[in-house]
file start_33.cif (mmCIF, C-alpha atoms)
data_protein
#
loop_
_atom_site.group_PDB
_atom_site.id
_atom_site.type_symbol
_atom_site.label_atom_id
_atom_site.label_comp_id
_atom_site.auth_asym_id
_atom_site.auth_seq_id
_atom_site.Cartn_x
_atom_site.Cartn_y
_atom_site.Cartn_z
ATOM 1 C CA MET C 23 35.675 17.080 -6.424
ATOM 2 C CA THR C 24 37.690 13.847 -6.697
ATOM 3 C CA LEU C 25 37.081 11.116 -9.251
ATOM 4 C CA ASP C 26 35.726 8.818 -6.557
ATOM 5 C CA ALA C 27 33.292 11.527 -5.438
ATOM 6 C CA ASN C 28 32.162 12.028 -9.036
ATOM 7 C CA ASP C 29 31.631 8.305 -9.445
ATOM 8 C CA LYS C 30 29.560 8.125 -6.272
ATOM 9 C CA LEU C 31 27.497 11.122 -7.319
ATOM 10 C CA LEU C 32 26.848 9.594 -10.741
ATOM 11 C CA GLU C 33 25.900 6.281 -9.149
ATOM 12 C CA THR C 34 23.449 8.044 -6.826
ATOM 13 C CA VAL C 35 21.865 9.977 -9.693
ATOM 14 C CA LEU C 36 21.505 6.835 -11.817
ATOM 15 C CA GLN C 37 19.977 4.914 -8.929
ATOM 16 C CA GLU C 38 17.446 7.644 -8.201
ATOM 17 C CA TYR C 39 16.596 7.734 -11.899
ATOM 18 C CA LYS C 40 15.914 3.984 -11.828
ATOM 19 C CA ILE C 41 13.719 4.396 -8.738
ATOM 20 C CA LEU C 42 11.777 7.159 -10.496
ATOM 21 C CA ALA C 43 11.354 4.923 -13.546
ATOM 22 C CA GLU C 44 10.047 2.156 -11.280
ATOM 23 C CA TYR C 45 7.487 4.523 -9.787
ATOM 24 C CA GLU C 46 6.392 5.721 -13.227
ATOM 25 C CA ARG C 47 5.931 2.098 -14.300
ATOM 26 C CA LEU C 48 3.767 1.523 -11.213
ATOM 27 C CA GLN C 49 1.594 4.510 -12.142
ATOM 28 C CA SER C 50 1.009 3.085 -15.616
ATOM 29 C CA GLU C 51 -0.441 -0.171 -14.258
ATOM 30 C CA ASP C 52 -4.057 -0.801 -13.294
ATOM 31 C CA LEU C 53 -3.860 -0.859 -9.512
ATOM 32 C CA GLY C 54 -7.412 0.180 -8.709
ATOM 33 C CA GLY C 55 -7.788 0.843 -4.998
ATOM 34 C CA ILE C 56 -4.032 1.143 -4.353
ATOM 35 C CA TYR C 57 -2.339 4.514 -3.901
ATOM 36 C CA VAL C 58 1.423 4.900 -3.543
ATOM 37 C CA THR C 59 3.802 7.856 -3.349
ATOM 38 C CA PRO C 60 7.541 8.041 -2.605
ATOM 39 C CA SER C 61 8.654 9.857 0.516
ATOM 40 C CA TYR C 62 9.714 13.465 0.028
ATOM 41 C CA GLU C 63 12.712 12.920 2.291
ATOM 42 C CA ASN C 64 13.802 9.412 1.311
ATOM 43 C CA PRO C 65 13.424 7.887 -2.190
ATOM 44 C CA PHE C 66 13.891 4.409 -0.707
ATOM 45 C CA LEU C 67 10.715 4.756 1.375
ATOM 46 C CA TRP C 68 7.278 4.796 -0.262
ATOM 47 C CA PHE C 69 3.915 5.347 1.424
ATOM 48 C CA GLY C 70 0.840 3.416 0.353
ATOM 49 C CA VAL C 71 -2.836 2.790 1.081
ATOM 50 C CA ILE C 72 -4.946 -0.089 -0.176
ATOM 51 C CA PHE C 73 -8.745 0.011 -0.270
ATOM 52 C CA VAL C 74 -9.921 -3.609 -0.214
ATOM 53 C CA ARG C 75 -12.964 -3.982 -2.453
ATOM 54 C CA SER C 76 -13.914 -7.642 -2.087
ATOM 55 C CA GLY C 77 -13.325 -10.772 -0.034
ATOM 56 C CA VAL C 78 -13.182 -11.204 3.729
ATOM 57 C CA TYR C 79 -11.145 -8.004 4.151
ATOM 58 C CA LYS C 80 -13.646 -5.921 2.161
ATOM 59 C CA ASP C 81 -13.886 -2.250 3.245
ATOM 60 C CA GLY C 82 -10.499 -2.416 4.936
ATOM 61 C CA VAL C 83 -8.342 0.669 4.341
ATOM 62 C CA PHE C 84 -4.827 -0.393 5.186
ATOM 63 C CA ARG C 85 -1.792 1.855 5.218
ATOM 64 C CA PHE C 86 1.588 0.367 4.366
ATOM 65 C CA THR C 87 5.134 1.327 3.504
ATOM 66 C CA ILE C 88 7.505 -0.043 0.892
ATOM 67 C CA THR C 89 11.179 -0.030 1.829
ATOM 68 C CA LEU C 90 13.632 -0.448 -1.032
ATOM 69 C CA PRO C 91 17.062 -2.061 -0.536
ATOM 70 C CA SER C 92 20.025 0.321 -0.614
ATOM 71 C CA ARG C 93 21.135 -0.905 -4.055
ATOM 72 C CA PHE C 94 17.668 -1.212 -5.579
ATOM 73 C CA PRO C 95 16.967 -2.366 -8.236
ATOM 74 C CA ASN C 96 20.413 -3.957 -8.668
ATOM 75 C CA ASP C 97 20.049 -6.123 -5.609
ATOM 76 C CA SER C 98 18.617 -9.594 -5.118
ATOM 77 C CA THR C 99 17.045 -8.448 -1.837
ATOM 78 C CA VAL C 100 13.274 -8.157 -2.147
ATOM 79 C CA PRO C 101 11.732 -4.789 -1.108
ATOM 80 C CA THR C 102 9.812 -4.906 2.168
ATOM 81 C CA ILE C 103 6.097 -4.166 2.459
ATOM 82 C CA THR C 104 5.044 -3.297 6.008
ATOM 83 C CA PHE C 105 1.474 -2.641 7.121
ATOM 84 C CA GLN C 106 1.035 0.209 9.589
ATOM 85 C CA SER C 107 -1.969 -1.290 11.392
ATOM 86 C CA ASP C 108 -2.881 -4.820 12.436
ATOM 87 C CA VAL C 109 -3.930 -7.021 9.521
ATOM 88 C CA PHE C 110 -4.943 -10.494 10.689
ATOM 89 C CA HIS C 111 -3.643 -12.558 7.768
ATOM 90 C CA PRO C 112 -1.524 -15.732 7.572
ATOM 91 C CA LEU C 113 1.130 -13.984 5.438
ATOM 92 C CA ILE C 114 1.469 -10.853 7.592
ATOM 93 C CA ASN C 115 3.682 -10.898 10.669
ATOM 94 C CA PRO C 116 1.586 -9.772 13.685
ATOM 95 C CA ASN C 117 4.625 -8.294 15.456
ATOM 96 C CA ASP C 118 5.955 -5.930 12.805
ATOM 97 C CA GLY C 119 3.356 -5.963 9.987
ATOM 98 C CA VAL C 120 5.819 -7.258 7.382
ATOM 99 C CA VAL C 121 4.319 -9.258 4.501
ATOM 100 C CA ASP C 122 5.928 -12.591 3.657
ATOM 101 C CA LEU C 123 6.544 -12.297 -0.090
ATOM 102 C CA THR C 124 8.816 -15.316 -0.516
ATOM 103 C CA GLU C 125 6.132 -17.366 -2.248
ATOM 104 C CA ALA C 126 5.959 -14.955 -5.184
ATOM 105 C CA PHE C 127 9.373 -13.274 -4.851
ATOM 106 C CA PRO C 128 12.011 -15.637 -3.406
ATOM 107 C CA LYS C 129 14.625 -13.148 -4.626
ATOM 108 C CA TRP C 130 14.529 -9.919 -6.596
ATOM 109 C CA GLN C 131 15.308 -10.205 -10.296
ATOM 110 C CA SER C 132 16.095 -6.776 -11.682
ATOM 111 C CA GLY C 133 14.338 -6.144 -14.982
ATOM 112 C CA ASP C 134 11.826 -8.958 -14.408
ATOM 113 C CA ASN C 135 10.378 -8.042 -11.023
ATOM 114 C CA HIS C 136 8.629 -4.749 -10.323
ATOM 115 C CA ILE C 137 6.948 -3.031 -7.376
ATOM 116 C CA TRP C 138 3.558 -3.073 -9.087
ATOM 117 C CA GLN C 139 3.732 -6.879 -9.213
ATOM 118 C CA MET C 140 4.296 -6.989 -5.463
ATOM 119 C CA LEU C 141 1.268 -4.763 -4.922
ATOM 120 C CA LYS C 142 -0.848 -6.964 -7.186
ATOM 121 C CA PHE C 143 0.185 -9.943 -5.076
ATOM 122 C CA VAL C 144 -0.778 -8.145 -1.846
ATOM 123 C CA GLN C 145 -4.089 -7.096 -3.373
ATOM 124 C CA PHE C 146 -4.804 -10.677 -4.446
ATOM 125 C CA MET C 147 -3.960 -12.186 -1.065
ATOM 126 C CA LEU C 148 -6.368 -9.774 0.641
ATOM 127 C CA GLN C 149 -9.229 -9.944 -1.861
ATOM 128 C CA ASN C 150 -8.967 -13.605 -2.893
ATOM 129 C CA LEU C 151 -7.986 -15.425 0.279
ATOM 130 C CA ASP C 152 -9.993 -18.555 -0.542
ATOM 131 C CA GLU C 153 -8.441 -18.756 -4.010
ATOM 132 C CA HIS C 154 -4.932 -18.458 -2.645
ATOM 133 C CA PRO C 155 -3.627 -21.712 -1.144
ATOM 134 C CA ILE C 156 -1.003 -20.761 1.432
ATOM 135 C CA GLN C 157 1.951 -23.056 2.002
ATOM 136 C CA SER C 158 2.717 -23.634 5.663
ATOM 137 C CA SER C 159 6.399 -22.810 5.051
ATOM 138 C CA HIS C 160 5.439 -19.236 4.149
ATOM 139 C CA VAL C 161 3.120 -18.576 7.090
ATOM 140 C CA ALA C 162 4.015 -15.445 9.080
ATOM 141 C CA ASN C 163 1.045 -15.576 11.480
ATOM 142 C CA ASN C 164 0.438 -19.100 12.779
ATOM 143 C CA GLU C 165 -2.670 -18.151 14.744
ATOM 144 C CA ALA C 166 -4.327 -16.641 11.679
ATOM 145 C CA TYR C 167 -3.367 -19.662 9.592
ATOM 146 C CA GLU C 168 -4.747 -22.163 12.087
ATOM 147 C CA LEU C 169 -8.010 -20.262 12.621
ATOM 148 C CA MET C 170 -8.475 -19.885 8.876
ATOM 149 C CA LEU C 171 -8.282 -23.674 8.510
ATOM 150 C CA GLU C 172 -9.968 -24.839 11.711
ATOM 151 C CA ASN C 173 -12.307 -22.098 12.969
ATOM 152 C CA ARG C 174 -13.511 -19.900 10.148
ATOM 153 C CA THR C 175 -16.068 -18.091 12.321
ATOM 154 C CA GLU C 176 -13.427 -16.877 14.781
ATOM 155 C CA PHE C 177 -11.093 -16.054 11.911
ATOM 156 C CA GLN C 178 -13.797 -13.917 10.310
ATOM 157 C CA LEU C 179 -14.407 -12.052 13.585
ATOM 158 C CA ARG C 180 -10.708 -11.263 13.929
ATOM 159 C CA VAL C 181 -10.578 -10.024 10.337
ATOM 160 C CA GLU C 182 -13.650 -7.828 10.858
ATOM 161 C CA HIS C 183 -11.999 -6.314 13.905
ATOM 162 C CA CYS C 184 -8.872 -5.301 11.977
ATOM 163 C CA VAL C 185 -11.032 -3.930 9.138
ATOM 164 C CA GLU C 186 -12.968 -1.754 11.603
ATOM 165 C CA GLU C 187 -9.734 -0.651 13.241
ATOM 166 C CA SER C 188 -8.305 0.397 9.865
ATOM 167 C CA GLN C 189 -11.380 2.546 9.245
ATOM 168 C CA ARG C 190 -11.072 4.249 12.627
ATOM 169 C CA LYS C 191 -7.418 5.081 11.948
ATOM 170 C CA LEU C 192 -8.000 6.339 8.405
ATOM 171 C CA TYR C 193 -7.657 10.022 9.287
ATOM 172 C CA GLU C 194 -4.757 9.714 11.714
ATOM 173 C CA VAL C 195 -1.561 11.555 10.798
ATOM 174 C CA PRO C 196 1.898 11.078 12.362
ATOM 175 C CA ALA C 197 3.152 13.827 14.645
ATOM 176 C CA HIS C 198 5.758 14.822 12.062
ATOM 177 C CA PRO C 199 4.478 13.537 8.698
ATOM 178 C CA ASP C 200 6.536 13.449 5.542
ATOM 179 C CA ARG C 201 5.450 16.118 3.050
ATOM 180 C CA PHE C 202 4.228 13.346 0.728
ATOM 181 C CA TYR C 203 2.512 11.262 3.411
ATOM 182 C CA ILE C 204 -0.928 10.225 2.164
ATOM 183 C CA CYS C 205 -3.564 12.044 4.209
ATOM 184 C CA PHE C 206 -7.350 11.856 4.107
ATOM 185 C CA ASP C 207 -9.826 14.590 5.000
ATOM 186 C CA ARG C 208 -13.300 13.866 6.266
ATOM 187 C CA PHE C 209 -15.941 14.580 3.650
ATOM 188 C CA ASN C 210 -16.903 18.256 3.603
ATOM 189 C CA PRO C 211 -19.733 19.143 1.165
ATOM 190 C CA ASP C 212 -18.500 22.728 0.898
ATOM 191 C CA VAL C 213 -15.020 21.601 -0.154
ATOM 192 C CA HIS C 214 -15.595 18.262 -1.866
ATOM 193 C CA GLY C 215 -19.214 18.453 -3.009
ATOM 194 C CA ALA C 216 -18.483 19.948 -6.447
ATOM 195 C CA ALA C 217 -15.831 17.322 -7.130
ATOM 196 C CA LEU C 218 -18.213 14.528 -6.134
ATOM 197 C CA GLU C 219 -20.975 15.791 -8.404
ATOM 198 C CA SER C 220 -18.578 16.246 -11.318
ATOM 199 C CA MET C 221 -17.380 12.661 -10.911
ATOM 200 C CA LYS C 222 -20.967 11.468 -11.047
ATOM 201 C CA GLU C 223 -21.519 13.493 -14.218
ATOM 202 C CA CYS C 224 -18.053 12.762 -15.650
ATOM 203 C CA LYS C 225 -17.244 16.477 -15.768
ATOM 204 C CA VAL C 226 -14.271 18.466 -14.545
ATOM 205 C CA ALA C 227 -15.214 20.657 -11.587
ATOM 206 C CA GLU C 228 -14.084 24.251 -11.286
ATOM 207 C CA VAL C 229 -11.939 24.674 -8.196
ATOM 208 C CA THR C 230 -13.425 27.481 -6.111
ATOM 209 C CA THR C 231 -11.892 26.697 -2.730
ATOM 210 C CA PRO C 232 -8.271 26.337 -1.603
ATOM 211 C CA PRO C 233 -6.987 22.750 -1.393
ATOM 212 C CA SER C 234 -7.348 21.105 1.991
ATOM 213 C CA SER C 235 -4.479 19.570 3.909
ATOM 214 C CA GLY C 236 -5.368 16.048 2.758
ATOM 215 C CA LEU C 237 -4.160 14.535 -0.482
ATOM 216 C CA SER C 238 -7.332 12.493 -0.947
ATOM 217 C CA TRP C 239 -10.640 11.886 0.760
ATOM 218 C CA VAL C 240 -13.534 9.502 1.174
ATOM 219 C CA ARG C 241 -17.172 10.207 1.819
ATOM 220 C CA LYS C 242 -18.417 9.995 5.400
ATOM 221 C CA GLY C 243 -19.642 6.512 6.245
ATOM 222 C CA LEU C 244 -17.953 4.957 3.219
ATOM 223 C CA TYR C 245 -14.423 3.695 2.699
ATOM 224 C CA GLN C 246 -14.210 3.608 -1.084
ATOM 225 C CA PRO C 247 -12.163 6.351 -2.802
ATOM 226 C CA LEU C 248 -14.009 8.331 -5.443
ATOM 227 C CA SER C 249 -11.591 7.381 -8.185
ATOM 228 C CA LYS C 250 -10.650 4.283 -10.185
#
call {"tool": "encode", "arguments": {"input": "start_33.cif", "output": "structure tokens"}}
result
Amino acid sequence: MTLDANDKLLETVLQEYKILAEYERLQSEDLGGIYVTPSYENPFLWFGVIFVRSGVYKDGVFRFTITLPSRFPNDSTVPTITFQSDVFHPLINPNDGVVDLTEAFPKWQSGDNHIWQMLKFVQFMLQNLDEHPIQSSHVANNEAYELMLENRTEFQLRVEHCVEESQRKLYEVPAHPDRFYICFDRFNPDVHGAALESMKECKVAEVTTPPSSGLSWVRKGLYQPLSK
């Protein structure tokens, strides 16, 4: 192996170590209602789901991805958060689902900026829309912005529609999912009942059935995860 090849290998290993450290930092933060996992096949792609617990988007369960720049975190390019279903919001592009993060993250500052901060921002903009004044220069969805200001009733109806759509798509899985893609099983009392009761009683349940294909689950008719 040549010196250049060794250098490239070392650089790759160090970068993946930094990405792992970033993910571990995210796990240490209080991100109630947000679940994120890196792709099994690509460390620069992370899968996420946010359960919205308050505000006009309450009960929405929105899937998203985080795409890291090729030189992350040593790059001024801000990671990209892309929603996988329609989210009618002034800061979310209706064509590709990309969130406009320039208000909070005009450029990425390694060591100061972290993925968990981005997720906190996204959580705030969904749960605290009325407390978040949006500058017109940062608007990614003009229709949503105008309706929010001029026709709140119609805006609310459009938001409710995307919330309902997110619930209907909760259990959908891509044709060829990544091994770490976040999946949800429908509530099955025989499989999940013991875990539910133990959570209510703050006890650890004995596992008596094989794990299901999903990585998490929600109870039928509800869209709040039984954790955090």
call {"tool": "resolve_selection", "arguments": {"input": "start_33.cif", "expression": "the PyMOL selection byres ((chain C and resi 130) around 6)", "output": "PyMOL selection string"}}
result
chain C and resi 98-100+129+131
call {"tool": "write_last_selection", "arguments": {"input": "start_33.cif", "atoms": "C-alpha atoms", "output": "CSV table (one decimal), keeping the file's coordinate frame"}}
result
chain,number,residue,atom,x,y,z
C,98,SER,CA,18.6,-9.6,-5.1
C,99,THR,CA,17.0,-8.4,-1.8
C,100,VAL,CA,13.3,-8.2,-2.1
C,129,LYS,CA,14.6,-13.1,-4.6
C,131,GLN,CA,15.3,-10.2,-10.3
call {"tool": "closest_residue", "arguments": {"input": "start_33.cif", "among": "C:Arg190, C:Arg174, C:Arg201, C:Arg75", "to": "Gly54 in chain C", "atoms": "all atoms listed in the file"}}
result
C:Arg75
call {"tool": "atom_distance", "arguments": {"input": "start_33.cif", "atom1": "CA of Pro112 in chain C", "atom2": "CA of Ile88 in chain C"}}
result
19.3 Å
call {"tool": "atom_distance", "arguments": {"input": "start_33.cif", "atom1": "CA of Phe73 in chain C", "atom2": "CA of Asn115 in chain C"}}
result
19.8 Å
call {"tool": "resolve_selection", "arguments": {"input": "start_33.cif", "expression": "the PyMOL selection byres ((chain C and resi 125) around 10)", "output": "PyMOL selection string"}}
result
chain C and resi 113+122-124+126-129+143+156-157+159-161
call {"tool": "write_last_selection", "arguments": {"input": "start_33.cif", "atoms": "C-alpha atoms", "output": "PDB file, in the coordinates of the input"}}
result
ATOM      1  CA  LEU C 113       1.130 -13.984   5.438  1.00  0.00           C
ATOM      2  CA  ASP C 122       5.928 -12.591   3.657  1.00  0.00           C
ATOM      3  CA  LEU C 123       6.544 -12.297  -0.090  1.00  0.00           C
ATOM      4  CA  THR C 124       8.816 -15.316  -0.516  1.00  0.00           C
ATOM      5  CA  ALA C 126       5.959 -14.955  -5.184  1.00  0.00           C
ATOM      6  CA  PHE C 127       9.373 -13.274  -4.851  1.00  0.00           C
ATOM      7  CA  PRO C 128      12.011 -15.637  -3.406  1.00  0.00           C
ATOM      8  CA  LYS C 129      14.625 -13.148  -4.626  1.00  0.00           C
ATOM      9  CA  PHE C 143       0.185  -9.943  -5.076  1.00  0.00           C
ATOM     10  CA  ILE C 156      -1.003 -20.761   1.432  1.00  0.00           C
ATOM     11  CA  GLN C 157       1.951 -23.056   2.002  1.00  0.00           C
ATOM     12  CA  SER C 159       6.399 -22.810   5.051  1.00  0.00           C
ATOM     13  CA  HIS C 160       5.439 -19.236   4.149  1.00  0.00           C
ATOM     14  CA  VAL C 161       3.120 -18.576   7.090  1.00  0.00           C
TER      15      VAL C 161
END
call {"tool": "residues_around", "arguments": {"input": "start_33.cif", "residues": "Pro199 in chain C", "least_positions_apart": "5", "cutoff": "10 Å", "atoms": "all atoms listed in the file", "output": "MDAnalysis selection string"}}
result
chainID C and resid 61 204:205
call {"tool": "closest_residue", "arguments": {"input": "start_33.cif", "among": "C:Leu218, C:Ser92, C:Leu169, C:Gly77", "to": "Glu153 in chain C", "atoms": "all atoms listed in the file"}}
result
C:Gly77
call {"tool": "residues_around", "arguments": {"input": "start_33.cif", "residues": "Leu141 in chain C", "least_positions_apart": "3", "cutoff": "8 Å", "atoms": "only C-alpha atoms", "output": "count of residues only"}}
result
6
call {"tool": "atom_distance", "arguments": {"input": "start_33.cif", "atom1": "CA of Asp200 in chain C", "atom2": "CA of Pro91 in chain C"}}
result
19.7 Å
call {"tool": "residues_around", "arguments": {"input": "start_33.cif", "residues": "range 181-183 of chain C", "least_positions_apart": "6", "cutoff": "10 Å", "atoms": "all atoms listed in the file", "output": "ChimeraX atom specification"}}
result
/C:78-82,108-111,166,175
call {"tool": "resolve_selection", "arguments": {"input": "start_33.cif", "expression": "the PyMOL selection byres ((chain C and resi 104) around 8)", "output": "count of residues only"}}
result
11
call {"tool": "axis_aligned_box", "arguments": {"input": "start_33.cif", "around": "range 202-211 of chain C", "padding_each_side": "6 Å", "output": "lines of an AutoDock Vina configuration file"}}
result
center_x = -7.8
center_y = 14.7
center_z = 3.5
size_x = 36.0
size_y = 20.9
size_z = 17.5
call {"tool": "closest_residue", "arguments": {"input": "start_33.cif", "among": "C:Val71, C:Ser107, C:Asn96, C:Gln49", "to": "Cys184 in chain C", "atoms": "all atoms listed in the file"}}
result
C:Ser107
call {"tool": "closest_residue", "arguments": {"input": "start_33.cif", "among": "C:Val74, C:Glu172, C:Phe94, C:Arg85", "to": "Val195 in chain C", "atoms": "only C-alpha atoms"}}
result
C:Arg85
call {"tool": "residues_around", "arguments": {"input": "start_33.cif", "residues": "Leu171 in chain C", "least_positions_apart": "5", "cutoff": "12 Å", "atoms": "all atoms listed in the file", "output": "ChimeraX atom specification"}}
result
/C:112,151-152,155-156,158,164-166,176-178
call {"tool": "closest_residue", "arguments": {"input": "start_33.cif", "among": "C:Asp212, C:Glu186, C:Asp97, C:Glu168", "to": "Asn135 in chain C", "atoms": "only C-alpha atoms"}}
result
C:Asp97
call {"tool": "decode", "arguments": {"input": "start_33.cif", "residues": "range 107-120 of chain C", "atoms": "N, CA, C and O atoms", "output": "mmCIF file, in the first residue's frame"}}
result
data_model
loop_
_atom_site.group_PDB
_atom_site.id
_atom_site.type_symbol
_atom_site.label_atom_id
_atom_site.label_comp_id
_atom_site.auth_asym_id
_atom_site.auth_seq_id
_atom_site.Cartn_x
_atom_site.Cartn_y
_atom_site.Cartn_z
ATOM 1 N N SER C 107 -42.044 13.014 3.469
ATOM 2 C CA SER C 107 -43.449 13.213 3.100
ATOM 3 C C SER C 107 -43.727 14.710 3.108
ATOM 4 O O SER C 107 -42.916 15.505 3.597
ATOM 5 N N ASP C 108 -44.857 15.099 2.549
ATOM 6 C CA ASP C 108 -45.199 16.519 2.472
ATOM 7 C C ASP C 108 -45.384 17.103 3.870
ATOM 8 O O ASP C 108 -46.139 16.549 4.681
ATOM 9 N N VAL C 109 -44.700 18.200 4.134
ATOM 10 C CA VAL C 109 -44.897 18.950 5.377
ATOM 11 C C VAL C 109 -45.160 20.394 4.965
ATOM 12 O O VAL C 109 -44.254 21.076 4.464
ATOM 13 N N PHE C 110 -46.386 20.839 5.142
ATOM 14 C CA PHE C 110 -46.788 22.176 4.698
ATOM 15 C C PHE C 110 -46.293 23.202 5.717
ATOM 16 O O PHE C 110 -46.961 23.496 6.704
ATOM 17 N N HIS C 111 -45.113 23.740 5.468
ATOM 18 C CA HIS C 111 -44.462 24.656 6.405
ATOM 19 C C HIS C 111 -43.663 25.686 5.606
ATOM 20 O O HIS C 111 -43.045 25.339 4.590
ATOM 21 N N PRO C 112 -43.662 26.949 6.044
ATOM 22 C CA PRO C 112 -42.953 27.987 5.296
ATOM 23 C C PRO C 112 -41.466 27.718 5.084
ATOM 24 O O PRO C 112 -40.884 28.205 4.110
ATOM 25 N N LEU C 113 -40.831 26.943 5.966
ATOM 26 C CA LEU C 113 -39.389 26.708 5.855
ATOM 27 C C LEU C 113 -39.040 25.384 5.188
ATOM 28 O O LEU C 113 -37.865 25.008 5.141
ATOM 29 N N ILE C 114 -40.051 24.678 4.655
ATOM 30 C CA ILE C 114 -39.795 23.387 4.021
ATOM 31 C C ILE C 114 -40.192 23.457 2.550
ATOM 32 O O ILE C 114 -41.336 23.750 2.214
ATOM 33 N N ASN C 115 -39.236 23.187 1.683
ATOM 34 C CA ASN C 115 -39.469 23.253 0.247
ATOM 35 C C ASN C 115 -40.492 22.195 -0.174
ATOM 36 O O ASN C 115 -40.295 21.006 0.090
ATOM 37 N N PRO C 116 -41.591 22.595 -0.824
ATOM 38 C CA PRO C 116 -42.642 21.629 -1.186
ATOM 39 C C PRO C 116 -42.232 20.691 -2.315
ATOM 40 O O PRO C 116 -42.870 19.660 -2.518
ATOM 41 N N ASN C 117 -41.179 21.019 -3.041
ATOM 42 C CA ASN C 117 -40.758 20.199 -4.181
ATOM 43 C C ASN C 117 -39.832 19.057 -3.789
ATOM 44 O O ASN C 117 -39.923 17.958 -4.358
ATOM 45 N N ASP C 118 -38.944 19.307 -2.829
ATOM 46 C CA ASP C 118 -37.985 18.265 -2.463
ATOM 47 C C ASP C 118 -37.940 17.964 -0.972
ATOM 48 O O ASP C 118 -37.209 17.068 -0.546
ATOM 49 N N GLY C 119 -38.723 18.698 -0.146
ATOM 50 C CA GLY C 119 -38.781 18.418 1.285
ATOM 51 C C GLY C 119 -37.602 18.921 2.088
ATOM 52 O O GLY C 119 -37.494 18.636 3.291
ATOM 53 N N VAL C 120 -36.714 19.698 1.473
ATOM 54 C CA VAL C 120 -35.525 20.191 2.167
ATOM 55 C C VAL C 120 -35.885 21.364 3.085
ATOM 56 O O VAL C 120 -36.626 22.269 2.694
#
